[in-house]
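S.K.: Okay, handing you the structure first.
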Amino acid sequence: MDTPENPSSAQNDPPPKAPTPVPAPAVSSAPASTPGATTAPVIAKPITRQAPVSALPPEEGMDRRSFLKWLTVGWAAFAAIVAGYGTLVMRFMFPNVLFEPKQSFEAGHIDDYTVGEVSERFKERFGVWIVRDAEKIFALSTVCTHLGCTPNWLPNEAKYKCPCHGSGFYKNGINFEGPAPRPLERFRISLSDDGTIIVDKTRKFQQEKGEWTDPESFIPA
Ligand code: FES
C-alpha cells in the first residue's frame, strides 16, 4: 500500500514521461507592412544614363536655332554694308581719272622722215601718222571717217585699210573704197624756232572743205 507510512511502494512506481513537444505553427510570409514582419533589404538598381535628346526643351531649342540663324543673317548684312562703304571710300580716294593724251606734241625734225614714208611712231600714243611726200610733211588722223575705227597702214598696197567695214584710203588720206564718206582729216603742223616739228590736234583740216591747202595743214619740205 502507497502510503507515506509505506515508502517502499513509492520507490516501485515508474518515472513520469517527458512532455511531447508541440510543433510550431507555420509562419506565413506576411507583407513588409504587416506589423511584426521582417523588412527585406532593398538592393539599389544601377542607374543607366541616356544621352539627352536635347539640352533644352523643344521650344527652347528652336528659339536658340532661330537666334543663331538671325545672328548669321545679321553678320552677313553687316559685312555687306562694310564692304559697300569700303568701296565708296576707295572710289573717293582713287577716282576714275580719264587721262587724255596731250593734244600737242613734238614730232622730231624734217630730216627724221624720208620721202614717201608713212611714220607710225605716234599712231598708238597720239593717233597720228606723219607722212612725207615729195613736196611736204603733214599729220594725218588715224580715225576712220566712217564710224571711227583705226585703219591699218599697208605699205605693200600703199593704202590705209579699215578693219571694221573695209574702207580704204590712199597714202594722202583720200578715201577710195568702202563706206567711208570722206577723206581722213589732217592736223595743224608747224616748225618751232629750233626746227622741231609741232603737231597740234586741236585744229583739224578737212579735204572736202578745201582746207588741205591751208599753210597750217602742212610743212613744205
Ligand atoms: S569704221 Fe572704218 S570702215 Fe567703218
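The way I read the labels, and the way they are meant: chains A, B, ... in the order of the C-alpha cells, residue 1 as the first residue of every chain, and ligand 1 as the first ligand shown, with later ones counted on from there.
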Residues at most 12 Å from ligand 1, using only C-alpha atoms and all ligand atoms? Could they come as a PyMOL selection string?

M.R.: chain A and resi 142-152+160-169+175-184

S.K.: Next, the residues of the selection above should be written as a short mmCIF file (atom, residue, chain, number, x, y, z; two decimals), in the first residue's frame with N, CA, C and O atoms.

M.R.:
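Output (selection.cif):
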data_model
loop_
_atom_site.label_atom_id
_atom_site.label_comp_id
_atom_site.auth_asym_id
_atom_site.auth_seq_id
_atom_site.Cartn_x
_atom_site.Cartn_y
_atom_site.Cartn_z
N THR A 142 44.35 109.09 -137.56
CA THR A 142 44.16 107.64 -137.70
C THR A 142 42.71 107.22 -137.41
O THR A 142 42.45 106.03 -137.21
N VAL A 143 41.79 108.17 -137.41
CA VAL A 143 40.38 107.84 -137.13
C VAL A 143 39.62 107.73 -138.45
O VAL A 143 39.57 108.68 -139.24
N CYS A 144 39.04 106.54 -138.66
CA CYS A 144 38.26 106.31 -139.87
C CYS A 144 37.05 107.24 -139.90
O CYS A 144 36.36 107.41 -138.89
N THR A 145 36.78 107.81 -141.06
CA THR A 145 35.67 108.77 -141.17
C THR A 145 34.31 108.08 -141.35
O THR A 145 33.30 108.76 -141.51
N HIS A 146 34.31 106.75 -141.30
CA HIS A 146 33.02 106.04 -141.33
C HIS A 146 32.42 106.01 -139.91
O HIS A 146 31.52 106.78 -139.60
N LEU A 147 32.96 105.15 -139.06
CA LEU A 147 32.44 105.04 -137.69
C LEU A 147 33.53 105.11 -136.64
O LEU A 147 33.30 104.76 -135.48
N GLY A 148 34.69 105.57 -137.01
CA GLY A 148 35.71 105.86 -136.00
C GLY A 148 36.70 104.77 -135.69
O GLY A 148 37.48 104.91 -134.74
N CYS A 149 36.73 103.66 -136.40
CA CYS A 149 37.75 102.64 -136.14
C CYS A 149 39.13 103.17 -136.57
O CYS A 149 39.24 104.23 -137.18
N THR A 150 40.15 102.38 -136.25
CA THR A 150 41.51 102.76 -136.60
C THR A 150 42.00 101.92 -137.77
O THR A 150 42.21 100.71 -137.62
N PRO A 151 42.19 102.50 -138.93
CA PRO A 151 42.70 101.73 -140.07
C PRO A 151 44.15 101.31 -139.87
O PRO A 151 44.85 101.83 -138.99
N ASN A 152 44.60 100.37 -140.68
CA ASN A 152 45.99 99.91 -140.67
C ASN A 152 46.69 100.39 -141.93
O ASN A 152 46.11 100.36 -143.03
N TYR A 160 45.72 102.82 -146.53
CA TYR A 160 45.22 102.57 -145.17
C TYR A 160 43.94 101.74 -145.32
O TYR A 160 43.05 102.10 -146.11
N LYS A 161 43.85 100.67 -144.60
CA LYS A 161 42.69 99.79 -144.70
C LYS A 161 42.00 99.68 -143.34
O LYS A 161 42.62 99.30 -142.34
N CYS A 162 40.72 100.02 -143.32
CA CYS A 162 39.98 99.95 -142.06
C CYS A 162 39.49 98.51 -141.82
O CYS A 162 38.83 97.93 -142.69
N PRO A 163 39.77 97.93 -140.65
CA PRO A 163 39.38 96.54 -140.38
C PRO A 163 37.90 96.38 -140.07
O PRO A 163 37.41 95.25 -140.05
N CYS A 164 37.19 97.46 -139.80
CA CYS A 164 35.79 97.31 -139.37
C CYS A 164 34.85 97.04 -140.54
O CYS A 164 34.09 96.07 -140.52
N HIS A 165 34.89 97.89 -141.56
CA HIS A 165 33.94 97.72 -142.67
C HIS A 165 34.61 97.81 -144.03
O HIS A 165 33.94 97.92 -145.05
N GLY A 166 35.96 97.81 -144.02
CA GLY A 166 36.67 97.69 -145.28
C GLY A 166 36.97 98.97 -146.04
O GLY A 166 37.38 98.92 -147.20
N SER A 167 36.78 100.10 -145.41
CA SER A 167 37.10 101.35 -146.13
C SER A 167 38.61 101.42 -146.41
O SER A 167 39.42 100.99 -145.59
N GLY A 168 38.94 101.98 -147.57
CA GLY A 168 40.34 102.14 -147.94
C GLY A 168 40.64 103.60 -148.25
O GLY A 168 39.80 104.36 -148.74
N PHE A 169 41.89 104.01 -147.91
CA PHE A 169 42.32 105.39 -148.12
C PHE A 169 43.70 105.36 -148.76
O PHE A 169 44.57 104.56 -148.38
N ASN A 175 39.75 108.90 -149.48
CA ASN A 175 39.03 107.62 -149.45
C ASN A 175 38.74 107.18 -150.88
O ASN A 175 38.43 108.00 -151.76
N PHE A 176 38.82 105.87 -151.15
CA PHE A 176 38.55 105.36 -152.49
C PHE A 176 37.74 104.07 -152.49
O PHE A 176 37.30 103.61 -153.56
N GLU A 177 37.53 103.43 -151.34
CA GLU A 177 36.71 102.20 -151.28
C GLU A 177 36.05 102.09 -149.91
O GLU A 177 36.51 102.71 -148.94
N GLY A 178 34.94 101.31 -149.91
CA GLY A 178 34.25 101.10 -148.65
C GLY A 178 33.30 102.23 -148.30
O GLY A 178 33.10 103.18 -149.07
N PRO A 179 32.69 102.14 -147.11
CA PRO A 179 31.64 103.08 -146.74
C PRO A 179 32.12 104.44 -146.23
O PRO A 179 31.28 105.31 -145.96
N ALA A 180 33.39 104.63 -146.04
CA ALA A 180 33.86 105.93 -145.52
C ALA A 180 33.40 107.05 -146.45
O ALA A 180 33.66 107.01 -147.66
N PRO A 181 32.72 108.06 -145.92
CA PRO A 181 32.12 109.09 -146.77
C PRO A 181 33.07 110.21 -147.18
O PRO A 181 32.75 111.00 -148.08
N ARG A 182 34.22 110.29 -146.57
CA ARG A 182 35.12 111.41 -146.87
C ARG A 182 36.54 111.05 -146.47
O ARG A 182 36.78 110.04 -145.78
N PRO A 183 37.52 111.86 -146.88
CA PRO A 183 38.93 111.57 -146.58
C PRO A 183 39.23 111.65 -145.08
O PRO A 183 38.46 112.21 -144.30
N LEU A 184 40.37 111.08 -144.72
CA LEU A 184 40.87 111.26 -143.35
C LEU A 184 41.17 112.73 -143.11
O LEU A 184 41.37 113.50 -144.06
#

S.K.: Which residues are near Pro220 in chain A? Cut-off 8 Å, only C-alpha atoms, ignore same chain within fewer than 4 positions. Put them as JSON, numbers by chain.

M.R.: {"A": [135, 136, 137]}

S.K.: Per residue of range 118-207 of chain A within 8 Å of range 215-218 of chain A, note the shortest atom pair and the distance in Å to one decimal, counting only C-alpha atoms, and order the rows by chain and increasing residue number, as a Markdown table.

M.R.:
| residue | atom | partner | partner_atom | distance |
| --- | --- | --- | --- | --- |
| A:Lys136 | CA | A:Phe218 | CA | 6.3 |
| A:Ile137 | CA | A:Phe218 | CA | 5.6 |
| A:Phe138 | CA | A:Phe218 | CA | 4.6 |
| A:Ala139 | CA | A:Phe218 | CA | 7.5 |
| A:Arg186 | CA | A:Ser217 | CA | 6.7 |
| A:Phe187 | CA | A:Ser217 | CA | 6.2 |
| A:Arg188 | CA | A:Ser217 | CA | 4.9 |
| A:Ile189 | CA | A:Phe218 | CA | 5.8 |
| A:Ser190 | CA | A:Glu216 | CA | 6.7 |
| A:Phe205 | CA | A:Ser217 | CA | 6.6 |

S.K.: One number please: CA of Ile198 in chain A to CA of Ser104 in chain A, in Å, one decimal.

M.R.: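 Going from CA of Ile198 in chain A over to CA of Ser104 in chain A, I get 7.0 Å.
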
S.K.: Between CA of Gly173 in chain A and CA of Arg125 in chain A, what is the distance in Å, rounded to a tenth?

M.R.: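 Separation between CA of Gly173 in chain A and CA of Arg125 in chain A: 19.6 Å.
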
S.K.: Could you name the residues that touch Phe105 in chain A at 10 Å or less, counting only C-alpha atoms, but leaving out those on the same chain fewer than 6 positions away, as an mmCIF file with C-alpha atoms, in the first residue's frame?

M.R.:
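Okay, this is what ended up in around-v7.cif:
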data_model
loop_
_atom_site.group_PDB
_atom_site.id
_atom_site.type_symbol
_atom_site.label_atom_id
_atom_site.label_comp_id
_atom_site.auth_asym_id
_atom_site.auth_seq_id
_atom_site.Cartn_x
_atom_site.Cartn_y
_atom_site.Cartn_z
ATOM 1 C CA PHE A 122 52.881 108.494 -132.990
ATOM 2 C CA PHE A 126 48.584 110.277 -130.320
ATOM 3 C CA ILE A 189 51.607 121.075 -138.149
ATOM 4 C CA ILE A 197 58.018 119.673 -135.803
ATOM 5 C CA ILE A 198 54.980 120.549 -133.641
ATOM 6 C CA VAL A 199 51.668 118.762 -134.205
ATOM 7 C CA ASP A 200 48.543 120.422 -132.771
ATOM 8 C CA LYS A 201 45.454 118.192 -132.707
#

S.K.: Could you work out how far CA of Gly210 in chain A lies from CA of Leu191 in chain A, giving the answer in Å with one decimal?

M.R.: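 Computing the Euclidean distance for CA of Leu191 in chain A and CA of Gly210 in chain A yields 22.5 Å.
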
S.K.: Could you please write out, as a list in words, every residue of range 47-157 of chain A that DSSP assigns to strand (DSSP E)?

M.R.: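 Here are the strand (DSSP E) residues of range 47-157 of chain A: Ser104, Phe105, Glu106, Val118, Ser119, Val128, Trp129, Ile130, Val131, Arg132, Lys136, Ile137, Phe138, Ala139, Leu140, Ser141, Asn152, Trp153 and Leu154 of chain A.
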
S.K.: For Glu185 in chain A, which of A:Trp212, A:Leu140, A:Ile81, A:Trp153 is the closest residue, counting only C-alpha atoms?

M.R.: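 Closest residue, counting only C-alpha atoms: A:Leu140.
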